>>> print(open('run-v4.txt').read())   # compact mmCIF, C-alpha atoms and all ligand atoms
# COMPACT_ATOMS: atom_id res chain seq x y z
CA MET A 91 3.52 -45.51 -48.36
CA SER A 92 1.55 -43.97 -45.49
CA LYS A 93 1.77 -40.24 -44.93
CA PRO A 94 4.25 -39.13 -42.24
CA LEU A 95 2.86 -37.86 -38.94
CA HIS A 96 2.42 -34.07 -39.18
CA VAL A 97 3.71 -32.48 -35.97
CA LEU A 98 3.18 -28.78 -35.35
CA LEU A 99 5.77 -27.79 -32.74
CA GLY A 100 5.20 -24.62 -30.71
CA VAL A 101 8.22 -23.04 -29.03
CA CYS A 102 7.78 -20.52 -26.20
CA GLY A 103 10.12 -18.05 -24.53
CA GLY A 104 12.01 -20.04 -21.93
CA ILE A 105 15.63 -21.01 -21.42
CA ALA A 106 14.81 -24.53 -22.61
CA ALA A 107 13.83 -23.21 -26.08
CA TYR A 108 17.19 -24.43 -27.42
CA LYS A 109 16.18 -28.02 -26.54
CA SER A 110 13.29 -27.76 -29.01
CA ALA A 111 15.78 -27.98 -31.86
CA GLU A 112 16.82 -31.43 -30.61
CA LEU A 113 13.15 -32.32 -30.18
CA ALA A 114 12.38 -31.33 -33.78
CA ARG A 115 15.32 -33.46 -34.93
CA GLU A 116 14.24 -36.48 -32.89
CA LEU A 117 10.65 -36.26 -34.15
CA GLN A 118 12.00 -36.24 -37.70
CA ARG A 119 14.16 -39.26 -36.89
CA GLN A 120 10.96 -41.01 -35.83
CA GLY A 121 9.53 -40.33 -39.29
CA ALA A 122 7.46 -37.23 -38.48
CA GLU A 123 7.22 -34.12 -40.63
CA VAL A 124 7.73 -31.14 -38.35
CA ARG A 125 6.70 -27.51 -38.71
CA VAL A 126 7.49 -24.92 -36.09
CA MET A 127 5.73 -21.87 -34.69
CA MET A 128 7.43 -19.58 -32.21
CA THR A 129 6.22 -16.93 -29.81
CA ARG A 130 7.85 -13.52 -29.88
CA ALA A 131 9.61 -14.30 -26.58
CA ALA A 132 10.93 -17.61 -27.97
CA GLN A 133 12.81 -15.64 -30.63
CA GLU A 134 14.76 -13.92 -27.85
CA PHE A 135 16.24 -17.32 -27.02
CA ILE A 136 16.66 -19.05 -30.38
CA GLN A 137 16.53 -17.93 -34.01
CA PRO A 138 13.72 -19.06 -36.32
CA LEU A 139 16.50 -19.81 -38.82
CA THR A 140 17.58 -22.80 -36.69
CA PHE A 141 14.17 -24.42 -37.07
CA ALA A 142 13.76 -23.36 -40.70
CA SER A 143 17.07 -25.09 -41.47
CA LEU A 144 16.16 -28.22 -39.53
CA THR A 145 12.66 -28.58 -40.92
CA GLY A 146 13.13 -27.12 -44.39
CA HIS A 147 10.00 -25.10 -43.82
CA LYS A 148 9.07 -21.55 -43.02
CA VAL A 149 8.81 -20.93 -39.27
CA PHE A 150 5.60 -19.23 -38.14
CA THR A 151 6.30 -16.29 -35.87
CA SER A 152 3.46 -13.85 -36.43
CA LEU A 153 -0.22 -13.78 -37.25
CA TRP A 154 0.41 -10.85 -39.57
CA ASP A 155 3.23 -12.15 -41.76
CA THR A 156 1.94 -13.44 -45.08
CA SER A 157 5.15 -12.82 -47.04
CA ALA A 158 5.73 -16.47 -47.97
CA THR A 159 2.13 -17.15 -48.82
CA THR A 160 1.47 -17.16 -52.52
CA ASP A 161 -2.24 -17.45 -52.02
CA SER A 162 -3.29 -14.42 -49.98
CA ALA A 163 -6.58 -16.16 -49.15
CA VAL A 164 -4.68 -18.65 -46.96
CA ILE A 165 -4.95 -17.85 -43.29
CA GLU A 166 -1.79 -19.46 -42.06
CA HIS A 167 -2.64 -20.21 -38.44
CA ILE A 168 -5.84 -21.97 -39.57
CA ALA A 169 -4.09 -23.78 -42.41
CA GLU A 170 -1.31 -25.02 -40.09
CA ALA A 171 -3.80 -26.11 -37.44
CA GLN A 172 -5.52 -28.18 -40.11
CA TRP A 173 -2.26 -29.53 -41.50
CA ALA A 174 -1.22 -30.93 -38.09
CA ASP A 175 -2.03 -34.40 -36.78
CA VAL A 176 -0.73 -33.46 -33.36
CA LEU A 177 0.31 -30.24 -31.64
CA VAL A 178 3.24 -30.18 -29.22
CA ILE A 179 4.30 -27.11 -27.27
CA ALA A 180 7.76 -27.46 -25.81
CA PRO A 181 8.86 -25.64 -23.83
CA ALA A 182 5.46 -24.39 -22.72
CA THR A 183 5.93 -21.29 -20.57
CA ALA A 184 3.73 -20.39 -17.62
CA HIS A 185 2.47 -17.46 -19.70
CA THR A 186 1.46 -19.56 -22.69
CA LEU A 187 -0.18 -22.19 -20.44
CA ALA A 188 -2.27 -19.37 -18.98
CA LYS A 189 -3.22 -18.13 -22.44
CA LEU A 190 -4.18 -21.59 -23.65
CA ALA A 191 -6.20 -22.30 -20.52
CA HIS A 192 -8.17 -19.09 -21.03
CA GLY A 193 -8.51 -19.32 -24.81
CA LEU A 194 -6.55 -16.15 -25.61
CA ALA A 195 -5.35 -16.00 -29.21
CA ASP A 196 -3.15 -12.95 -29.72
CA ASP A 197 -0.22 -14.62 -31.50
CA PHE A 198 0.35 -17.37 -34.05
CA LEU A 199 0.90 -20.17 -31.53
CA SER A 200 -2.13 -19.48 -29.37
CA ALA A 201 -4.39 -18.80 -32.36
CA ALA A 202 -3.29 -22.06 -34.06
CA TYR A 203 -3.92 -23.89 -30.77
CA LEU A 204 -7.48 -22.56 -30.63
CA ALA A 205 -8.07 -23.38 -34.28
CA SER A 206 -6.89 -26.97 -33.93
CA THR A 207 -8.93 -30.03 -33.07
CA VAL A 208 -6.06 -32.54 -32.88
CA PRO A 209 -4.41 -34.09 -29.79
CA VAL A 210 -2.18 -31.72 -27.82
CA VAL A 211 1.00 -32.38 -25.86
CA LEU A 212 2.33 -29.72 -23.49
CA ALA A 213 5.84 -29.93 -22.05
CA PRO A 214 6.16 -27.13 -19.49
CA ALA A 215 9.50 -25.75 -18.29
CA MET A 216 9.93 -22.93 -15.83
CA ASN A 217 11.27 -21.77 -12.51
CA VAL A 218 10.14 -24.01 -9.62
CA ASN A 219 8.05 -21.27 -7.98
CA MET A 220 6.31 -20.50 -11.28
CA TRP A 221 5.60 -24.23 -11.65
CA ASN A 222 4.21 -24.51 -8.12
CA HIS A 223 2.22 -21.26 -8.30
CA ALA A 224 -1.53 -21.68 -7.77
CA ALA A 225 -2.19 -19.91 -11.08
CA THR A 226 -0.03 -22.37 -13.04
CA ARG A 227 -1.55 -25.32 -11.15
CA ALA A 228 -5.07 -24.14 -11.97
CA ASN A 229 -4.20 -23.58 -15.65
CA LEU A 230 -2.61 -27.04 -15.90
CA SER A 231 -5.64 -28.59 -14.32
CA VAL A 232 -7.90 -26.93 -16.93
CA LEU A 233 -5.64 -28.10 -19.76
CA GLU A 234 -5.46 -31.63 -18.34
CA GLN A 235 -9.25 -31.70 -18.09
CA ARG A 236 -9.37 -30.85 -21.79
CA GLY A 237 -7.58 -34.14 -22.42
CA HIS A 238 -4.21 -32.60 -23.27
CA ARG A 239 -1.15 -34.59 -22.37
CA ILE A 240 1.07 -32.77 -19.87
CA VAL A 241 4.63 -34.07 -19.91
CA ALA A 242 5.67 -33.18 -16.38
CA PRO A 243 8.99 -31.39 -16.02
CA GLY A 244 11.87 -33.05 -14.28
CA SER A 245 13.50 -32.03 -11.07
CA GLY A 246 17.02 -30.73 -10.60
CA TYR A 247 19.21 -27.67 -10.91
CA LEU A 248 17.39 -25.00 -12.93
CA ALA A 249 18.89 -22.28 -15.09
CA CYS A 250 17.51 -19.67 -12.67
CA GLY A 251 19.88 -21.05 -10.01
CA MET A 252 17.15 -22.74 -7.97
CA THR A 253 16.68 -26.46 -7.50
CA GLY A 254 13.34 -28.23 -7.89
CA ASP A 255 10.70 -29.18 -10.45
CA GLY A 256 10.65 -27.18 -13.67
CA ARG A 257 13.26 -28.63 -16.01
CA LEU A 258 11.94 -29.57 -19.46
CA ALA A 259 11.32 -33.34 -19.66
CA ASP A 260 13.83 -35.43 -21.66
CA THR A 261 13.50 -35.32 -25.43
CA GLU A 262 12.71 -39.08 -25.56
CA THR A 263 9.87 -38.68 -23.04
CA ILE A 264 8.33 -35.84 -25.06
CA VAL A 265 8.72 -37.74 -28.34
CA ARG A 266 7.05 -40.79 -26.86
CA ALA A 267 4.21 -38.65 -25.51
CA VAL A 268 3.72 -37.08 -28.97
CA LEU A 269 3.65 -40.43 -30.79
CA ASP A 270 1.43 -41.91 -28.11
CA GLN A 271 -0.98 -38.97 -28.05
CA ALA A 272 -1.18 -38.84 -31.86
CA ASN A 273 -1.76 -42.52 -32.23
CA PRO A 274 -2.28 -44.27 -28.92
CA PRO A 275 -1.99 -48.04 -29.09
CA ARG A 276 -5.37 -49.55 -28.17
CA ASP A 277 -3.68 -52.60 -26.71
CA LEU A 278 -5.71 -52.44 -23.48
CA ALA A 279 -9.12 -52.41 -25.17
CA GLY A 280 -11.34 -54.96 -23.45
CA GLU A 281 -9.57 -54.63 -20.08
CA THR A 282 -11.27 -53.08 -17.06
CA ILE A 283 -8.49 -51.73 -14.89
CA LEU A 284 -9.18 -50.93 -11.27
CA ILE A 285 -6.52 -48.52 -10.01
CA THR A 286 -6.02 -47.22 -6.48
CA ALA A 287 -4.20 -43.96 -5.87
CA GLY A 288 -3.28 -41.42 -3.22
CA GLY A 289 -2.55 -41.70 0.48
CA THR A 290 -5.35 -42.76 2.83
CA ARG A 291 -6.22 -40.69 5.90
CA GLU A 292 -6.98 -42.31 9.23
CA PRO A 293 -8.91 -40.01 11.58
CA ILE A 294 -7.64 -39.20 15.06
CA ASP A 295 -10.45 -36.80 15.94
CA PRO A 296 -12.89 -34.74 13.81
CA VAL A 297 -10.12 -32.47 12.50
CA ARG A 298 -6.92 -34.54 12.54
CA PHE A 299 -5.74 -37.61 10.72
CA LEU A 300 -2.75 -39.90 10.26
CA GLY A 301 -1.62 -39.59 6.66
CA ASN A 302 1.34 -40.09 4.37
CA ARG A 303 3.15 -38.12 1.68
CA SER A 304 1.74 -39.91 -1.36
CA SER A 305 0.65 -37.37 -3.99
CA GLY A 306 -1.45 -39.81 -6.04
CA ARG A 307 0.44 -38.87 -9.22
CA MET A 308 1.57 -42.41 -10.05
CA GLY A 309 -1.95 -43.83 -9.84
CA TYR A 310 -3.45 -40.90 -11.78
CA ALA A 311 -0.78 -41.24 -14.49
CA LEU A 312 -1.63 -44.96 -14.75
CA ALA A 313 -5.34 -44.20 -14.98
CA ALA A 314 -4.89 -41.57 -17.72
CA ALA A 315 -2.53 -43.76 -19.75
CA ALA A 316 -4.68 -46.90 -19.41
CA GLU A 317 -7.77 -44.99 -20.56
CA ARG A 318 -5.90 -43.65 -23.60
CA ARG A 319 -4.85 -47.18 -24.47
CA GLY A 320 -8.45 -48.32 -24.63
CA ALA A 321 -9.09 -49.69 -21.13
CA ARG A 322 -12.13 -48.93 -19.06
CA VAL A 323 -10.69 -47.42 -15.88
CA ILE A 324 -12.09 -47.35 -12.37
CA LEU A 325 -10.01 -45.04 -10.17
CA VAL A 326 -10.43 -45.45 -6.41
CA SER A 327 -8.64 -42.48 -4.94
CA ALA A 328 -7.78 -41.21 -1.50
CA ALA A 329 -7.57 -37.41 -1.15
CA THR A 330 -5.10 -35.77 -3.56
CA ALA A 331 -4.63 -32.31 -5.03
CA LEU A 332 -5.08 -33.75 -8.53
CA THR A 333 -7.91 -33.55 -11.04
CA PRO A 334 -9.19 -37.02 -12.00
CA PRO A 335 -8.23 -37.93 -15.57
CA PRO A 336 -11.04 -37.56 -18.11
CA ARG A 337 -13.30 -40.52 -18.90
CA CYS A 338 -12.31 -42.55 -15.82
CA GLU A 339 -14.90 -43.73 -13.30
CA PHE A 340 -13.87 -41.93 -10.15
CA LEU A 341 -14.52 -43.17 -6.61
CA PRO A 342 -13.16 -40.80 -3.95
CA ILE A 343 -12.55 -42.39 -0.53
CA GLU A 344 -10.75 -41.38 2.63
CA THR A 345 -9.64 -44.26 4.85
CA ALA A 346 -8.04 -47.65 4.30
CA GLU A 347 -11.33 -49.23 5.30
CA ASP A 348 -13.22 -47.16 2.67
CA MET A 349 -10.65 -48.14 0.05
CA HIS A 350 -10.92 -51.81 0.99
CA ALA A 351 -14.71 -51.67 0.66
CA ALA A 352 -14.69 -49.72 -2.64
CA VAL A 353 -12.10 -52.00 -4.23
CA LEU A 354 -13.91 -55.20 -3.24
CA TYR A 355 -17.23 -53.74 -4.41
CA ARG A 356 -15.84 -53.04 -7.92
CA LEU A 357 -13.53 -56.09 -8.05
CA PRO A 358 -15.97 -58.37 -9.92
CA GLU A 359 -15.77 -56.00 -12.93
CA ALA A 360 -11.96 -55.79 -12.99
CA THR A 361 -9.67 -57.72 -15.29
CA VAL A 362 -6.59 -55.98 -13.84
CA VAL A 363 -6.09 -54.41 -10.40
CA ILE A 364 -3.21 -51.97 -9.90
CA LYS A 365 -2.65 -50.98 -6.28
CA ALA A 366 -0.70 -47.72 -6.55
CA ALA A 367 -2.22 -46.16 -3.41
CA ALA A 368 -0.24 -45.66 -0.21
CA VAL A 369 -2.62 -47.29 2.24
CA ALA A 370 -2.17 -46.75 5.97
CA ASP A 371 -0.95 -49.86 7.76
CA PHE A 372 -2.50 -48.70 11.03
CA ARG A 373 -5.56 -46.79 12.16
CA VAL A 374 -6.46 -45.25 15.48
CA ARG A 375 -8.43 -47.77 17.52
CA GLN A 376 -10.59 -45.20 19.31
CA VAL A 377 -11.30 -42.09 17.22
CA ALA A 378 -12.17 -39.13 19.48
CA SER A 379 -15.63 -37.73 18.81
CA THR A 380 -14.59 -34.18 19.72
CA LYS A 381 -11.39 -32.25 19.00
CA LEU A 382 -8.57 -33.33 21.30
CA HIS A 383 -6.94 -30.65 23.45
CA ARG A 384 -3.32 -30.21 24.36
CA ASP A 385 -3.94 -30.52 28.11
CA ALA A 386 -1.91 -33.65 28.72
CA PRO A 387 0.33 -36.15 26.90
CA LEU A 388 -1.60 -38.21 24.39
CA THR A 389 -1.12 -41.87 23.60
CA LEU A 390 -2.83 -43.23 20.53
CA GLU A 391 -3.46 -46.93 20.28
CA LEU A 392 -3.17 -48.13 16.68
CA GLU A 393 -4.56 -51.26 15.11
CA PRO A 394 -3.64 -52.78 11.74
CA THR A 395 -5.81 -51.92 8.76
CA GLU A 396 -7.17 -54.37 6.20
CA ASP A 397 -4.64 -55.88 3.76
CA ILE A 398 -6.35 -54.87 0.51
CA VAL A 399 -4.02 -56.79 -1.81
CA HIS A 400 -4.58 -59.95 0.24
CA SER A 401 -8.38 -59.57 0.00
CA VAL A 402 -8.17 -58.82 -3.74
CA VAL A 403 -6.02 -61.88 -4.41
CA GLU A 404 -8.42 -64.07 -2.41
CA GLN A 405 -11.61 -62.75 -3.97
CA ARG A 406 -10.62 -62.03 -7.57
CA ARG A 407 -12.15 -63.86 -10.48
CA PRO A 408 -9.86 -66.30 -12.30
CA GLY A 409 -7.84 -64.35 -14.85
CA THR A 410 -7.87 -61.03 -12.97
CA LEU A 411 -4.29 -59.76 -12.75
CA VAL A 412 -3.06 -58.09 -9.59
CA ILE A 413 -0.16 -55.63 -9.64
CA ALA A 414 0.92 -54.46 -6.19
CA PHE A 415 3.26 -51.61 -5.26
CA ALA A 416 5.96 -51.65 -2.61
CA ALA A 417 7.50 -48.43 -1.32
CA GLU A 418 10.80 -49.34 0.32
CA MET A 419 13.91 -47.58 1.53
CA GLY A 420 16.26 -48.90 -1.19
CA LEU A 421 15.69 -51.35 -4.01
CA ASP A 422 15.77 -54.64 -2.11
CA VAL A 423 14.61 -57.02 -4.84
CA VAL A 424 14.83 -60.13 -2.63
CA ARG A 425 12.58 -58.61 0.01
CA ALA A 426 10.15 -57.32 -2.63
CA ARG A 427 9.92 -60.78 -4.19
CA GLN A 428 9.17 -62.26 -0.78
CA LYS A 429 6.38 -59.70 -0.48
CA LEU A 430 5.14 -60.64 -3.96
CA ARG A 431 4.99 -64.31 -2.97
CA GLY A 432 3.46 -63.54 0.41
CA LYS A 433 0.69 -61.50 -1.13
CA GLY A 434 0.06 -63.81 -4.08
CA ALA A 435 0.04 -60.90 -6.55
CA ASP A 436 1.14 -61.38 -10.18
CA ALA A 437 3.65 -58.54 -10.09
CA ILE A 438 4.99 -55.92 -7.74
CA VAL A 439 6.34 -52.48 -8.60
CA LEU A 440 9.17 -51.69 -6.23
CA ASN A 441 9.80 -48.00 -5.57
CA ASP A 442 12.82 -46.67 -3.75
CA ILE A 443 11.44 -43.90 -1.53
CA SER A 444 14.84 -43.08 -0.03
CA ARG A 445 16.05 -41.34 -3.22
CA GLU A 446 15.82 -37.57 -3.39
CA GLY A 447 13.53 -36.15 -6.11
CA ILE A 448 11.66 -39.32 -7.03
CA GLY A 449 8.80 -41.37 -5.64
CA PHE A 450 6.58 -39.86 -2.94
CA ASP A 451 5.32 -36.36 -3.63
CA SER A 452 7.38 -35.96 -6.79
CA ASP A 453 6.63 -35.89 -10.54
CA ARG A 454 9.35 -38.45 -11.20
CA ASN A 455 9.94 -42.03 -10.30
CA ALA A 456 12.20 -45.03 -10.89
CA ALA A 457 11.13 -48.57 -10.21
CA VAL A 458 11.68 -52.28 -10.62
CA PHE A 459 8.82 -54.37 -12.00
CA LEU A 460 9.04 -57.83 -10.49
CA THR A 461 7.22 -61.02 -11.30
CA GLU A 462 8.07 -64.51 -10.06
CA GLU A 463 10.42 -64.98 -13.04
CA ALA A 464 11.25 -61.56 -14.41
CA GLU A 465 12.78 -58.33 -13.26
CA VAL A 466 12.39 -55.20 -15.43
CA ARG A 467 14.13 -51.99 -14.35
CA PHE A 468 12.53 -48.65 -15.20
CA ALA A 469 15.16 -45.90 -15.22
CA GLU A 470 14.31 -42.58 -13.59
CA SER A 471 11.77 -40.64 -15.64
CA SER A 472 8.41 -38.92 -15.33
CA LYS A 473 5.56 -40.81 -13.69
CA GLU A 474 3.72 -40.68 -17.04
CA GLU A 475 6.60 -42.54 -18.65
CA ILE A 476 6.80 -45.09 -15.80
CA ALA A 477 3.02 -45.57 -16.10
CA LEU A 478 3.41 -46.44 -19.79
CA GLN A 479 6.17 -48.90 -18.99
CA ILE A 480 4.07 -50.59 -16.30
CA LEU A 481 1.12 -50.89 -18.71
CA ASP A 482 3.48 -52.30 -21.37
CA GLN A 483 3.98 -55.30 -19.03
CA ILE A 484 0.29 -56.26 -18.91
CA PRO A 485 0.09 -58.32 -22.16
CA ALA A 486 3.11 -60.45 -21.11
CA LEU A 487 1.70 -60.85 -17.63
CA ARG A 488 -1.64 -61.91 -19.08
CA SER A 489 -0.14 -64.58 -21.34
CA HIS A 490 1.95 -65.93 -18.46
CA HIS A 491 -1.13 -66.01 -16.24
CA LEU A 492 -3.07 -67.95 -18.90
CA LEU A 493 -0.22 -70.47 -19.24
CA GLU A 494 -0.26 -71.08 -15.51
CA GLN A 495 -3.99 -71.78 -15.33
C1 LIG B 1 16.10 -15.14 -19.20
C2 LIG B 1 14.65 -15.52 -19.11
C3 LIG B 1 14.31 -16.83 -18.97
C4 LIG B 1 12.97 -17.23 -18.87
N1 LIG B 1 12.66 -18.54 -18.74
C5 LIG B 1 11.37 -18.91 -18.62
C6 LIG B 1 11.03 -20.28 -18.48
O1 LIG B 1 11.87 -21.18 -18.48
N2 LIG B 1 9.72 -20.60 -18.37
C7 LIG B 1 8.74 -19.65 -18.36
O2 LIG B 1 7.57 -20.01 -18.19
N3 LIG B 1 9.04 -18.34 -18.50
C8 LIG B 1 10.31 -17.95 -18.65
N4 LIG B 1 10.62 -16.62 -18.79
C9 LIG B 1 9.54 -15.66 -18.86
C10 LIG B 1 8.89 -15.66 -20.24
O3 LIG B 1 9.88 -15.42 -21.26
C11 LIG B 1 7.81 -14.61 -20.30
O4 LIG B 1 6.78 -14.94 -19.38
C12 LIG B 1 7.24 -14.44 -21.67
O5 LIG B 1 6.18 -13.50 -21.64
C13 LIG B 1 6.72 -15.75 -22.22
O6 LIG B 1 6.12 -15.53 -23.46
P1 LIG B 1 5.54 -16.71 -24.35
O7 LIG B 1 4.76 -17.59 -23.45
O8 LIG B 1 4.65 -16.01 -25.32
O9 LIG B 1 6.68 -17.39 -25.01
C14 LIG B 1 11.95 -16.23 -18.92
C15 LIG B 1 12.31 -14.89 -19.09
C16 LIG B 1 13.64 -14.54 -19.19
C17 LIG B 1 13.99 -13.09 -19.36
>>> encode(input="run-v4.txt", output="structure tokens")
Amino acid sequence: MSKPLHVLLGVCGGIAAYKSAELARELQRQGAEVRVMMTRAAQEFIQPLTFASLTGHKVFTSLWDTSATTDSAVIEHIAEAQWADVLVIAPATAHTLAKLAHGLADDFLSAAYLASTVPVVLAPAMNVNMWNHAATRANLSVLEQRGHRIVAPGSGYLACGMTGDGRLADTETIVRAVLDQANPPRDLAGETILITAGGTREPIDPVRFLGNRSSGRMGYALAAAAERRGARVILVSAATALTPPPRCEFLPIETAEDMHAAVLYRLPEATVVIKAAAVADFRVRQVASTKLHRDAPLTLELEPTEDIVHSVVEQRRPGTLVIAFAAEMGLDVVRARQKLRGKGADAIVLNDISREGIGFDSDRNAAVFLTEEAEVRFAESSKEEIALQILDQIPALRSHHLLEQ
């Protein structure tokens, strides 16, 4: 029998600490052996006894407590770091994220983190302003760059009384991230996936542009997940506030025309193209060469931009799959399927941008994955989770494509 997955679960001092008990339980249900370490603040919210009872193991709360160690030569935070196959910190507080980003190691959890070399999953939960704070953003970006998996919090009513992003992700999403990070399926090895992301900018004059509210998060989540699953990833991205995922080839562009050119240039290498970018449908016909002044009313004449999906479908090599995205007000499957047919893509991911808290400029999404024959609904969850579900469709899409040829 193979050894169970060793999960070292770190619990920090946030309201969501009580949800970690359910997380420990669910990881065990999935066959993992779980050990828990808690910060001092976490113990203000939940007793170590809860985790000790659930896991049948001592809970690590201090660097200086060696009471349960029979062998005094054992340095527990090092031993536990070596025992683990994967480290998950849930909830991860803003404070602990800052410590991890800076390599501080003044308690058991942070010292074990530094002493570990295994994959790391971080599930932050906090007040919306703490989550949006530049310090937290910068720390997350550092941790993401290190290859750690950030399970983005959900949006909604928070314990602090405010509404917004910051609620700990669902237990199932965290569990899946842990299993995936510990042992990612390499089912996309051999694929070269060309992904577009972000919202293009169409210049009006040297300082202004026509843009849209796309954050780029869906495309970046797809890129990170595809890379982990063994694909070579080329990410063509319009401006975003995001850090490109590690080990992806990154091509920053600005306008729809740039994106069209970059995608067609790299298309011969691609076995799959995923068009998650929000590309402008129109550009300004005559871009002013100097900054426009407010002296008189201004009329801008717009002209249509290139249809990138159309060009990709026309110029792709046989066997290259094309997955388009459609952002619509409402989930009109009939209309989306017409679009799918019209564009000649293999699949289209339909997003409802009229729903509050998902889609554009949000960490969460819900979508329908449509092919000519099938319709798969992805319930609302993090964009990381939706990305995994989209990638799950590729093998079936590939076999269908082969049958059709
Ligand atoms: C009632 C209460 C709730 C809190 N909830 C959170 C939270 O959800 N997320 C967070 O980052 N900090 C939260 N804090 C602040 C942290 O507990 C505090 O920053 C602490 O130093 C975190 O320590 P740790 O990261 O070592 O666990 C909360 C504090 C209090 C008093």
>>> residues_around(input="run-v4.txt", residues="Thr395 in chain A", least_positions_apart="6", cutoff="8 Å", atoms="all atoms listed in the file", output="list in words")
Ala346, Glu347, Ala370, Asp371, Phe372 and Arg373 of chain A
>>> write_last_selection(input="run-v4.txt", atoms="C-alpha atoms", output="PDB file, in the coordinates of the input")
ATOM      1  CA  ALA A 346      -8.040 -47.650   4.300  1.00  0.00           C
ATOM      2  CA  GLU A 347     -11.330 -49.230   5.300  1.00  0.00           C
ATOM      3  CA  ALA A 370      -2.170 -46.750   5.970  1.00  0.00           C
ATOM      4  CA  ASP A 371      -0.950 -49.860   7.760  1.00  0.00           C
ATOM      5  CA  PHE A 372      -2.500 -48.700  11.030  1.00  0.00           C
ATOM      6  CA  ARG A 373      -5.560 -46.790  12.160  1.00  0.00           C
TER       7      ARG A 373
END
>>> residues_near_ligand(input="run-v4.txt", ligand="ligand LIG 1 (chain B)", cutoff="10 Å", atoms="all atoms listed in the file", output="VMD selection string")
chain A and resid 100 to 107 128 to 135 181 to 190 196 to 200 214 to 218 220 to 221 226 248 to 250 256 to 258
>>> residues_around(input="run-v4.txt", residues="Val377 in chain A", least_positions_apart="5", cutoff="8 Å", atoms="all atoms listed in the file", output="PyMOL selection string")
chain A and resi 293-295
>>> residues_around(input="run-v4.txt", residues="Gln172 in chain A", least_positions_apart="5", cutoff="12 Å", atoms="only C-alpha atoms", output="list in words")
His96, Val97, Leu98, Val164, Ile165, Glu166, His167, Leu177, Ala202, Tyr203, Leu204, Ala205, Ser206, Thr207, Val208 and Pro209 of chain A
>>> closest_residue(input="run-v4.txt", among="A:Lys473, A:Lys365, A:Lys109, A:Arg291", to="Asp260 in chain A", atoms="only C-alpha atoms")
A:Lys109
>>> residues_near_point(input="run-v4.txt", point="(0.2, -30.4, -20.9)", cutoff="10 Å", atoms="all atoms listed in the file", output="list of chain:residue names")
A:Val178, A:Ile179, A:Ala180, A:Ala182, A:Leu187, A:Val210, A:Val211, A:Leu212, A:Ala213, A:Pro214, A:Asn229, A:Leu230, A:Ser231, A:Val232, A:Leu233, A:Glu234, A:Gln235, A:Arg236, A:Gly237, A:His238, A:Arg239, A:Ile240, A:Val241, A:Ala242
>>> closest_residue(input="run-v4.txt", among="A:Ala352, A:Ala114, A:Leu332, A:Cys338", to="Glu317 in chain A", atoms="only C-alpha atoms")
A:Cys338
>>> closest_residue(input="run-v4.txt", among="A:Ala366, A:Ala457, A:Val265, A:Thr140", to="Arg445 in chain A", atoms="all atoms listed in the file")
A:Ala457
>>> residues_around(input="run-v4.txt", residues="Glu116 in chain A", least_positions_apart="5", cutoff="9 Å", atoms="all atoms listed in the file", output="list in words")
Ala111, Gly121, Ala122, Thr261, Glu262 and Val265 of chain A
>>> closest_residue(input="run-v4.txt", among="A:Gln428, A:Ser472, A:Ser327, A:Ser152", to="Leu284 in chain A", atoms="all atoms listed in the file")
A:Ser327
>>> closest_residue(input="run-v4.txt", among="A:Pro296, A:Pro243, A:Pro274, A:Pro335", to="Ala259 in chain A", atoms="only C-alpha atoms")
A:Pro243
>>> residues_around(input="run-v4.txt", residues="Glu281 in chain A", least_positions_apart="2", cutoff="10 Å", atoms="all atoms listed in the file", output="PyMOL selection string")
chain A and resi 277-279+283-284+316-317+319-323+359-362+410
>>> closest_residue(input="run-v4.txt", among="A:Ala267, A:Val124, A:Ala414, A:Ile476", to="Thr461 in chain A", atoms="only C-alpha atoms")
A:Ala414
>>> atom_distance(input="run-v4.txt", atom1="CA of Val126 in chain A", atom2="CA of Arg276 in chain A")
28.9 Å
>>> atom_distance(input="run-v4.txt", atom1="CA of His223 in chain A", atom2="CA of Ser245 in chain A")
15.8 Å
>>> atom_distance(input="run-v4.txt", atom1="CA of Leu341 in chain A", atom2="CA of Tyr355 in chain A")
11.1 Å
